[in-house]
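Reproduced below: work.cif, with mmCIF, C-alpha atoms.
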```cif
data_data
loop_
_atom_site.group_PDB
_atom_site.id
_atom_site.type_symbol
_atom_site.label_atom_id
_atom_site.label_comp_id
_atom_site.auth_asym_id
_atom_site.auth_seq_id
_atom_site.Cartn_x
_atom_site.Cartn_y
_atom_site.Cartn_z
ATOM 1 C CA MET X 1 -74.811 -12.925 45.425
ATOM 2 C CA PRO X 2 -74.239 -9.747 43.423
ATOM 3 C CA CYS X 3 -74.500 -6.425 45.215
ATOM 4 C CA ILE X 4 -77.198 -4.141 43.876
ATOM 5 C CA HIS X 5 -76.779 -0.382 44.298
ATOM 6 C CA VAL X 6 -79.877 1.781 44.251
ATOM 7 C CA ILE X 7 -79.522 5.520 43.665
ATOM 8 C CA VAL X 8 -82.420 7.696 44.748
ATOM 9 C CA LEU X 9 -82.581 11.150 43.171
ATOM 10 C CA GLU X 10 -84.693 14.066 44.341
ATOM 11 C CA PRO X 11 -87.686 14.830 42.067
ATOM 12 C CA TRP X 12 -86.358 18.232 41.012
ATOM 13 C CA LEU X 13 -83.065 16.640 39.930
ATOM 14 C CA LEU X 14 -84.887 13.910 38.009
ATOM 15 C CA LEU X 15 -86.874 16.594 36.205
ATOM 16 C CA CYS X 16 -83.654 18.367 35.239
ATOM 17 C CA LEU X 17 -82.059 15.179 33.930
ATOM 18 C CA PHE X 18 -85.184 14.310 31.941
ATOM 19 C CA GLY X 19 -85.282 17.804 30.500
ATOM 20 C CA LEU X 20 -81.665 17.605 29.420
ATOM 21 C CA LEU X 21 -82.423 14.444 27.461
ATOM 22 C CA GLN X 22 -85.003 16.449 25.509
ATOM 23 C CA LEU X 23 -82.790 19.512 25.140
ATOM 24 C CA HIS X 24 -83.408 21.348 21.906
ATOM 25 C CA LEU X 25 -81.233 24.378 21.253
ATOM 26 C CA THR X 26 -82.823 27.221 19.320
ATOM 27 C CA ALA X 27 -81.066 30.024 17.518
ATOM 28 C CA VAL X 28 -81.253 33.290 19.434
ATOM 29 C CA ASP X 29 -79.953 36.647 18.239
ATOM 30 C CA SER X 30 -76.874 37.248 20.407
ATOM 31 C CA LEU X 31 -77.657 40.956 20.559
ATOM 32 C CA SER X 32 -81.232 40.490 21.755
ATOM 33 C CA LEU X 33 -82.607 41.004 25.226
ATOM 34 C CA VAL X 34 -83.212 37.596 26.810
ATOM 35 C CA MET X 35 -85.443 37.384 29.883
ATOM 36 C CA THR X 36 -86.628 34.470 32.027
ATOM 37 C CA THR X 37 -88.020 34.015 35.502
ATOM 38 C CA ALA X 38 -87.497 31.262 38.071
ATOM 39 C CA THR X 39 -90.409 28.855 38.449
ATOM 40 C CA THR X 40 -89.454 28.154 42.072
ATOM 41 C CA ILE X 41 -87.002 29.868 44.382
ATOM 42 C CA LEU X 42 -84.509 27.317 45.726
ATOM 43 C CA SER X 43 -82.454 27.362 48.892
ATOM 44 C CA ARG X 44 -78.887 28.507 48.403
ATOM 45 C CA PRO X 45 -77.454 24.956 48.738
ATOM 46 C CA LYS X 46 -79.947 23.564 46.212
ATOM 47 C CA ALA X 47 -79.319 26.449 43.817
ATOM 48 C CA ALA X 48 -75.569 25.840 44.114
ATOM 49 C CA THR X 49 -76.149 22.158 43.290
ATOM 50 C CA VAL X 50 -78.124 23.101 40.177
ATOM 51 C CA ILE X 51 -75.314 25.426 39.087
ATOM 52 C CA ASP X 52 -72.465 22.984 39.723
ATOM 53 C CA GLU X 53 -74.139 19.791 38.504
ATOM 54 C CA ILE X 54 -76.720 20.795 35.888
ATOM 55 C CA LEU X 55 -76.157 24.211 34.338
ATOM 56 C CA PHE X 56 -72.366 24.517 34.692
ATOM 57 C CA PRO X 57 -70.958 21.071 35.560
ATOM 58 C CA GLN X 58 -67.677 21.293 37.415
ATOM 59 C CA GLN X 59 -66.130 18.711 35.101
ATOM 60 C CA GLU X 60 -66.633 21.193 32.217
ATOM 61 C CA TYR X 61 -64.775 24.011 33.979
ATOM 62 C CA GLY X 62 -61.720 23.573 31.739
ATOM 63 C CA GLN X 63 -63.885 23.838 28.623
ATOM 64 C CA ARG X 64 -65.400 27.099 29.866
ATOM 65 C CA ILE X 65 -61.949 28.511 30.612
ATOM 66 C CA ALA X 66 -60.880 27.553 27.086
ATOM 67 C CA LEU X 67 -63.992 29.266 25.724
ATOM 68 C CA GLY X 68 -63.021 32.360 27.699
ATOM 69 C CA ARG X 69 -59.607 32.360 26.065
ATOM 70 C CA ARG X 70 -61.251 32.062 22.662
ATOM 71 C CA ALA X 71 -63.400 35.043 23.569
ATOM 72 C CA GLN X 72 -60.216 36.946 24.397
ATOM 73 C CA GLY X 73 -58.747 36.007 21.036
ATOM 74 C CA ILE X 74 -55.593 34.565 22.576
ATOM 75 C CA SER X 75 -56.263 30.838 22.261
ATOM 76 C CA ALA X 76 -54.039 28.715 20.048
ATOM 77 C CA ASP X 77 -56.528 28.717 17.170
ATOM 78 C CA HIS X 78 -57.206 32.475 17.314
ATOM 79 C CA ASN X 79 -53.883 34.052 18.231
ATOM 80 C CA ASP X 80 -51.797 35.362 15.343
ATOM 81 C CA GLY X 81 -48.590 34.263 17.064
ATOM 82 C CA SER X 82 -47.469 37.753 18.026
ATOM 83 C CA LEU X 83 -46.256 38.463 21.541
ATOM 84 C CA LEU X 84 -48.943 40.052 23.723
ATOM 85 C CA GLN X 85 -47.975 43.415 25.174
ATOM 86 C CA ALA X 86 -48.781 44.391 28.770
ATOM 87 C CA LYS X 87 -51.443 46.870 27.624
ATOM 88 C CA ASP X 88 -53.145 44.478 25.190
ATOM 89 C CA GLU X 89 -56.863 44.856 25.954
ATOM 90 C CA ARG X 90 -57.396 41.140 25.366
ATOM 91 C CA LEU X 91 -55.643 40.458 28.673
ATOM 92 C CA TYR X 92 -58.458 42.216 30.529
ATOM 93 C CA GLN X 93 -61.329 40.384 28.826
ATOM 94 C CA THR X 94 -60.755 37.444 31.121
ATOM 95 C CA TYR X 95 -63.084 34.628 32.099
ATOM 96 C CA GLY X 96 -63.178 33.279 35.637
ATOM 97 C CA GLU X 97 -65.678 31.679 38.000
ATOM 98 C CA PHE X 98 -66.121 33.500 41.295
ATOM 99 C CA PRO X 99 -67.115 31.230 44.239
ATOM 100 C CA LEU X 100 -70.838 31.265 44.971
ATOM 101 C CA SER X 101 -70.343 31.305 48.739
ATOM 102 C CA SER X 102 -68.006 34.298 48.467
ATOM 103 C CA LEU X 103 -70.585 36.113 46.363
ATOM 104 C CA ASP X 104 -73.190 35.370 49.048
ATOM 105 C CA TYR X 105 -70.932 36.854 51.704
ATOM 106 C CA LEU X 106 -70.293 40.080 49.806
ATOM 107 C CA LEU X 107 -73.934 40.586 48.844
ATOM 108 C CA ASP X 108 -75.192 39.839 52.347
ATOM 109 C CA ARG X 109 -72.853 42.496 53.650
ATOM 110 C CA ALA X 110 -74.051 44.970 51.025
ATOM 111 C CA LEU X 111 -77.653 44.287 52.013
ATOM 112 C CA SER X 112 -76.852 44.868 55.668
ATOM 113 C CA VAL X 113 -75.653 48.365 54.745
ATOM 114 C CA SER X 114 -78.828 49.072 52.724
ATOM 115 C CA THR X 115 -79.447 49.867 49.084
ATOM 116 C CA GLY X 116 -81.505 52.995 49.318
ATOM 117 C CA LYS X 117 -84.859 51.270 48.835
ATOM 118 C CA ARG X 118 -87.434 50.801 51.556
ATOM 119 C CA LEU X 119 -88.321 47.233 52.462
ATOM 120 C CA SER X 120 -91.832 47.656 51.019
ATOM 121 C CA ASP X 121 -90.328 48.876 47.714
ATOM 122 C CA ILE X 122 -88.135 45.781 47.522
ATOM 123 C CA GLN X 123 -91.142 43.527 48.030
ATOM 124 C CA ASN X 124 -93.233 45.364 45.416
ATOM 125 C CA ASP X 125 -90.670 46.318 42.763
ATOM 126 C CA GLY X 126 -87.774 43.919 43.309
ATOM 127 C CA LEU X 127 -84.088 44.502 43.972
ATOM 128 C CA ASN X 128 -82.116 45.216 40.789
ATOM 129 C CA VAL X 129 -78.704 43.523 40.800
ATOM 130 C CA VAL X 130 -76.265 43.629 37.875
ATOM 131 C CA ASP X 131 -73.349 41.281 37.229
ATOM 132 C CA LEU X 132 -71.081 43.353 34.993
ATOM 133 C CA GLY X 133 -68.974 40.992 32.897
ATOM 134 C CA SER X 134 -71.316 38.075 33.495
ATOM 135 C CA GLY X 135 -69.493 35.610 31.237
ATOM 136 C CA CYS X 136 -71.480 32.388 30.847
ATOM 137 C CA GLY X 137 -74.107 33.629 33.316
ATOM 138 C CA ARG X 138 -73.196 31.393 36.246
ATOM 139 C CA LEU X 139 -73.621 34.002 39.004
ATOM 140 C CA VAL X 140 -76.746 35.454 37.379
ATOM 141 C CA TYR X 141 -78.506 32.085 37.327
ATOM 142 C CA TYR X 142 -77.458 31.337 40.896
ATOM 143 C CA LEU X 143 -78.898 34.595 42.222
ATOM 144 C CA GLY X 144 -82.043 34.341 40.117
ATOM 145 C CA LEU X 145 -82.732 30.823 41.380
ATOM 146 C CA SER X 146 -82.024 31.535 45.057
ATOM 147 C CA ARG X 147 -83.294 35.084 45.725
ATOM 148 C CA PRO X 148 -86.974 36.004 45.876
ATOM 149 C CA ASN X 149 -87.826 39.573 44.863
ATOM 150 C CA TRP X 150 -84.544 40.019 42.995
ATOM 151 C CA ILE X 151 -84.254 41.080 39.362
ATOM 152 C CA VAL X 152 -80.823 39.919 38.217
ATOM 153 C CA HIS X 153 -79.137 41.236 35.074
ATOM 154 C CA GLY X 154 -76.004 39.982 33.336
ATOM 155 C CA ILE X 155 -74.084 42.212 30.929
ATOM 156 C CA GLU X 156 -71.378 40.536 28.842
ATOM 157 C CA MET X 157 -69.315 42.022 26.044
ATOM 158 C CA SER X 158 -68.257 38.740 24.408
ATOM 159 C CA PRO X 159 -70.782 37.170 21.989
ATOM 160 C CA LEU X 160 -69.195 33.748 22.613
ATOM 161 C CA LEU X 161 -69.718 33.867 26.373
ATOM 162 C CA HIS X 162 -73.171 35.405 25.990
ATOM 163 C CA GLU X 163 -74.194 32.555 23.689
ATOM 164 C CA GLU X 164 -72.944 30.057 26.281
ATOM 165 C CA ALA X 165 -75.224 31.750 28.828
ATOM 166 C CA LEU X 166 -78.113 31.131 26.435
ATOM 167 C CA VAL X 167 -77.132 27.455 26.171
ATOM 168 C CA ALA X 168 -77.401 27.254 29.967
ATOM 169 C CA GLN X 169 -80.737 29.033 29.704
ATOM 170 C CA ASP X 170 -82.039 26.324 27.373
ATOM 171 C CA ARG X 171 -80.947 23.728 29.901
ATOM 172 C CA ALA X 172 -82.752 25.555 32.706
ATOM 173 C CA LEU X 173 -85.907 25.967 30.602
ATOM 174 C CA SER X 174 -85.931 22.284 29.642
ATOM 175 C CA CYS X 175 -85.493 21.349 33.315
ATOM 176 C CA GLY X 176 -88.450 23.461 34.339
ATOM 177 C CA LEU X 177 -86.240 25.691 36.486
ATOM 178 C CA LEU X 178 -87.104 28.772 34.416
ATOM 179 C CA ARG X 179 -89.924 30.007 32.238
ATOM 180 C CA SER X 180 -89.551 32.615 29.531
ATOM 181 C CA PHE X 181 -91.430 35.831 28.987
ATOM 182 C CA SER X 182 -91.056 39.030 27.006
ATOM 183 C CA SER X 183 -91.181 42.642 28.158
ATOM 184 C CA PRO X 184 -90.920 45.938 26.276
ATOM 185 C CA SER X 185 -88.436 47.262 28.839
ATOM 186 C CA PRO X 186 -85.463 45.501 30.482
ATOM 187 C CA VAL X 187 -86.311 46.983 33.891
ATOM 188 C CA SER X 188 -90.074 47.589 33.975
ATOM 189 C CA THR X 189 -91.377 44.134 34.907
ATOM 190 C CA PRO X 190 -91.080 43.233 38.608
ATOM 191 C CA SER X 191 -91.603 39.522 37.874
ATOM 192 C CA GLY X 192 -88.471 39.422 35.731
ATOM 193 C CA ARG X 193 -85.848 37.441 37.604
ATOM 194 C CA ILE X 194 -83.060 36.854 35.079
ATOM 195 C CA SER X 195 -81.998 38.908 32.048
ATOM 196 C CA PHE X 196 -78.967 38.813 29.767
ATOM 197 C CA TYR X 197 -77.573 41.562 27.545
ATOM 198 C CA GLN X 198 -74.707 41.371 25.080
ATOM 199 C CA GLY X 199 -72.506 44.327 24.255
ATOM 200 C CA LYS X 200 -70.401 46.965 25.942
ATOM 201 C CA ALA X 201 -71.651 48.188 29.289
ATOM 202 C CA ASP X 202 -72.540 51.696 28.139
ATOM 203 C CA LYS X 203 -74.879 50.204 25.544
ATOM 204 C CA TRP X 204 -77.039 48.998 28.438
ATOM 205 C CA SER X 205 -76.865 52.180 30.504
ATOM 206 C CA VAL X 206 -80.602 51.936 31.242
ATOM 207 C CA VAL X 207 -79.913 48.703 33.152
ATOM 208 C CA LEU X 208 -76.947 50.091 35.091
ATOM 209 C CA GLU X 209 -78.776 53.293 36.016
ATOM 210 C CA LYS X 210 -81.591 51.313 37.671
ATOM 211 C CA ALA X 211 -79.241 49.018 39.613
ATOM 212 C CA ASP X 212 -79.304 48.860 43.401
ATOM 213 C CA ILE X 213 -76.169 46.689 43.526
ATOM 214 C CA VAL X 214 -73.546 46.171 40.808
ATOM 215 C CA PHE X 215 -71.062 43.298 41.141
ATOM 216 C CA ALA X 216 -67.909 43.094 39.024
ATOM 217 C CA TYR X 217 -65.374 40.262 39.193
ATOM 218 C CA SER X 218 -62.654 42.782 38.385
ATOM 219 C CA THR X 219 -59.575 40.903 39.622
ATOM 220 C CA ALA X 220 -57.890 40.922 36.193
ATOM 221 C CA TRP X 221 -59.297 44.202 34.877
ATOM 222 C CA GLU X 222 -56.980 46.995 33.797
ATOM 223 C CA CYS X 223 -55.780 49.191 36.642
ATOM 224 C CA GLN X 224 -53.790 52.401 36.969
ATOM 225 C CA GLY X 225 -51.641 51.367 39.924
ATOM 226 C CA LEU X 226 -51.602 51.441 43.706
ATOM 227 C CA SER X 227 -53.351 54.237 45.575
ATOM 228 C CA PRO X 228 -51.434 55.412 48.680
ATOM 229 C CA GLU X 229 -54.702 56.843 50.015
ATOM 230 C CA THR X 230 -56.660 53.593 50.058
ATOM 231 C CA GLY X 231 -53.846 51.039 49.816
ATOM 232 C CA THR X 232 -55.659 49.405 46.898
ATOM 233 C CA MET X 233 -55.107 48.859 43.205
ATOM 234 C CA ILE X 234 -57.306 51.357 41.344
ATOM 235 C CA LEU X 235 -59.311 50.463 38.253
ATOM 236 C CA SER X 236 -58.495 52.317 35.050
ATOM 237 C CA ASP X 237 -59.964 55.739 34.270
ATOM 238 C CA GLU X 238 -62.283 54.133 31.722
ATOM 239 C CA TRP X 239 -63.881 51.893 34.338
ATOM 240 C CA ASN X 240 -64.081 54.696 36.894
ATOM 241 C CA GLN X 241 -65.824 56.923 34.381
ATOM 242 C CA LEU X 242 -68.335 54.223 33.494
ATOM 243 C CA PHE X 243 -69.244 53.433 37.111
ATOM 244 C CA THR X 244 -69.483 57.122 37.997
ATOM 245 C CA GLU X 245 -71.672 57.957 35.021
ATOM 246 C CA TYR X 246 -74.124 55.082 35.321
ATOM 247 C CA CYS X 247 -73.879 53.557 38.818
ATOM 248 C CA SER X 248 -73.567 56.520 41.187
ATOM 249 C CA GLU X 249 -76.749 55.552 43.069
ATOM 250 C CA ALA X 250 -75.796 51.900 43.522
ATOM 251 C CA ILE X 251 -73.553 49.988 45.865
ATOM 252 C CA VAL X 252 -70.702 48.809 43.645
ATOM 253 C CA ILE X 253 -68.807 45.655 44.614
ATOM 254 C CA THR X 254 -65.468 45.064 42.906
ATOM 255 C CA THR X 255 -62.799 42.440 43.557
ATOM 256 C CA ASP X 256 -59.074 43.066 44.094
ATOM 257 C CA ARG X 257 -59.353 46.522 42.487
ATOM 258 C CA SER X 258 -61.259 49.496 43.829
ATOM 259 C CA LEU X 259 -62.659 52.675 42.313
ATOM 260 C CA ASN X 260 -61.067 56.117 42.425
ATOM 261 C CA ALA X 261 -61.104 57.463 45.989
ATOM 262 C CA ASN X 262 -61.738 61.001 44.701
ATOM 263 C CA GLU X 263 -65.238 59.940 43.664
ATOM 264 C CA TRP X 264 -65.956 56.720 45.555
ATOM 265 C CA THR X 265 -65.860 55.758 49.231
ATOM 266 C CA ILE X 266 -64.995 52.236 50.371
ATOM 267 C CA ILE X 267 -67.565 51.432 53.051
ATOM 268 C CA ASP X 268 -66.190 47.934 53.690
ATOM 269 C CA ARG X 269 -63.505 45.573 52.455
ATOM 270 C CA LEU X 270 -63.828 41.837 52.953
ATOM 271 C CA GLU X 271 -61.375 39.051 52.154
ATOM 272 C CA VAL X 272 -63.168 36.041 50.696
ATOM 273 C CA PRO X 273 -62.032 32.633 49.415
ATOM 274 C CA ASN X 274 -61.255 32.463 45.703
ATOM 275 C CA PRO X 275 -59.280 29.415 44.538
ATOM 276 C CA GLU X 276 -58.525 31.016 41.174
ATOM 277 C CA VAL X 277 -56.264 33.615 42.824
ATOM 278 C CA TRP X 278 -55.866 32.113 46.320
ATOM 279 C CA ASN X 279 -58.135 34.735 47.966
ATOM 280 C CA SER X 280 -59.854 37.918 46.812
ATOM 281 C CA MET X 281 -60.563 41.235 48.504
ATOM 282 C CA GLY X 282 -64.060 42.522 47.909
ATOM 283 C CA TYR X 283 -64.629 46.278 48.041
ATOM 284 C CA LEU X 284 -68.086 47.694 48.785
ATOM 285 C CA GLN X 285 -68.252 51.247 47.497
ATOM 286 C CA VAL X 286 -70.692 54.145 47.227
ATOM 287 C CA HIS X 287 -70.355 57.342 45.262
ATOM 288 C CA ARG X 288 -69.308 60.371 47.308
ATOM 289 C CA ASN X 289 -72.479 62.190 46.264
ATOM 290 C CA GLU X 290 -74.367 59.628 48.333
ATOM 291 C CA ASN X 291 -74.924 60.775 51.913
ATOM 292 C CA LEU X 292 -73.464 57.956 54.030
ATOM 293 C CA ASP X 293 -75.162 59.122 57.224
ATOM 294 C CA THR X 294 -78.517 58.967 55.469
ATOM 295 C CA MET X 295 -77.732 55.536 53.982
ATOM 296 C CA GLN X 296 -76.882 54.075 57.388
ATOM 297 C CA LYS X 297 -80.181 55.346 58.838
ATOM 298 C CA ARG X 298 -82.257 53.659 56.170
ATOM 299 C CA LEU X 299 -84.244 50.579 56.968
ATOM 300 C CA PRO X 300 -81.847 47.584 56.772
ATOM 301 C CA LEU X 301 -82.729 44.859 54.302
ATOM 302 C CA HIS X 302 -83.213 41.230 55.285
ATOM 303 C CA ASN X 303 -80.729 38.784 53.788
ATOM 304 C CA ASN X 304 -83.442 36.497 52.422
ATOM 305 C CA LEU X 305 -84.728 39.141 49.996
#
```
Go ahead and render the structure in this file as C-alpha cells.
Amino acid sequence: MPCIHVIVLEPWLLLCLFGLLQLHLTAVDSLSLVMTTATTILSRPKAATVIDEILFPQQEYGQRIALGRRAQGISADHNDGSLLQAKDERLYQTYGEFPLSSLDYLLDRALSVSTGKRLSDIQNDGLNVVDLGSGCGRLVYYLGLSRPNWIVHGIEMSPLLHEEALVAQDRALSCGLLRSFSSPSPVSTPSGRISFYQGKADKWSVVLEKADIVFAYSTAWECQGLSPETGTMILSDEWNQLFTEYCSEAIVITTDRSLNANEWTIIDRLEVPNPEVWNSMGYLQVHRNENLDTMQKRLPLHNNL
C-alpha cells in the first residue's frame, strides 16, 4: 500500500504562498520614497521564517551575493578587466547578510541602555531605527514585521539593491504581510513601519537626524587603521563626518569598525555570530556631546517595543 504524506501549513504561510502565485510586479521609481506598514506584528521566530523562506529564500543567497557584486561593478559582466586597487571604492560597496539573531542581540542591548525617549513617547510616536546600507532590505523587513511601535528605515546607495528590496516588498504586499500608504514626510507618520530610500546617506539627512538607533553592517567599509586608544579599526573620516553631522543624538551600532574616539564613546562592545566573517564585534556608540550619566538615568526601554 503506497505511503501518503500530508503536509499541513499554517494559515499565514498558505496566504503567503497563494499571494506569490498572484505576484504582479509594478514599476516603481527607484529614487522615490517607498513606505509600507505591517498588517500584523509577528513573533521573532515567525518573522525570521518569513524572511528566510518567503521574502529572501536561503536557497537564493548566492543570487543576492551575485547581485551585490553587480552593484559594486566588479562582477564578470561589469568589470573592465583592470586590476582593482586597495583604495577602489567599489570594494567598500559590499553586500552581505547579517544574522537576524545577532541583530536582535545588539538592538536589545542598545534598548537596555536607552535611546533618549521616554517610554510614553515610544508608544505614541514610535522608535525610529535606520539600517544604513540596507541592501535588499532583509533586516528592515525583519524589524518591521517583528517590532511593534518601531518605524524602520532602510537607506541604500545602489539602485540595483534598492530595486530588489522593492521586489521583496511586492512579495510581502501580495502575501498580506504589509499594506502600503503614502505620507508627505518620511518621518511624520507614527503608523509607518517600513520605509526605503535610495541614494547617498546625506541625501536622506532628515531620516538620519530623527533616528534613535542607527545600525550599519560596516565590516567591509573603508577604515583608516587601528586605534591604539580603543583597540579597534576606525571607520574612514568620511563615515565619521557623516555620523557626527547627522546621527549625534542616536545610538550608533557598527560592526567590526568603530567611530573616531575623539568624537564618539563606545558604551559597549559585543561579539556576535556572523558566518560570513566567522564572528563580528558590534560597537554601541554615542556622541561625546551626549551626557552619558543622564542617558543611564533615563527610563529603560522594554525589549518588546
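Each of X:Arg193, X:Arg269, X:Arg64, X:His162 was checked against Tyr105 of chain X using only C-alpha atoms; the smallest atom-to-atom distance is that of X:Arg269.
Taking all atoms listed in the file, the non-local environment of Ser218 of chain X within 9 Å (same-chain residues fewer than 3 positions away omitted) comprises Tyr92, Gly133, Phe215, Trp221, Glu222, Leu235, Thr254, Thr255, Asp256, Arg257 and Ser258 of chain X.
Reported to one decimal place, the separation of atom CA of Leu139 of chain X from atom CA of Ala66 of chain X is 18.6 Å.
The spacing separating atom CA of Asp268 of chain X from atom CA of Ile51 of chain X amounts to 28.3 Å.
Coordinates place atom CA of Ala250 of chain X at a distance of 12.6 Å from atom CA of Ile267 of chain X.
Closest approach to Trp278 of chain X among X:Phe98, X:Trp264, X:Gln72, X:Ile155 is made by X:Phe98 (distances from only C-alpha atoms).
Using only C-alpha atoms, the protein and nucleic acid residues lying no more than 9 Å from Ser158 of chain X, apart from those fewer than 2 places from it along its own chain, are Gly68, Ala71, Gln72, Gln93, Gly133, Gly135, Glu156, Leu160, Leu161, His162, Glu163, Gln198, Gly199 and Lys200 of chain X.
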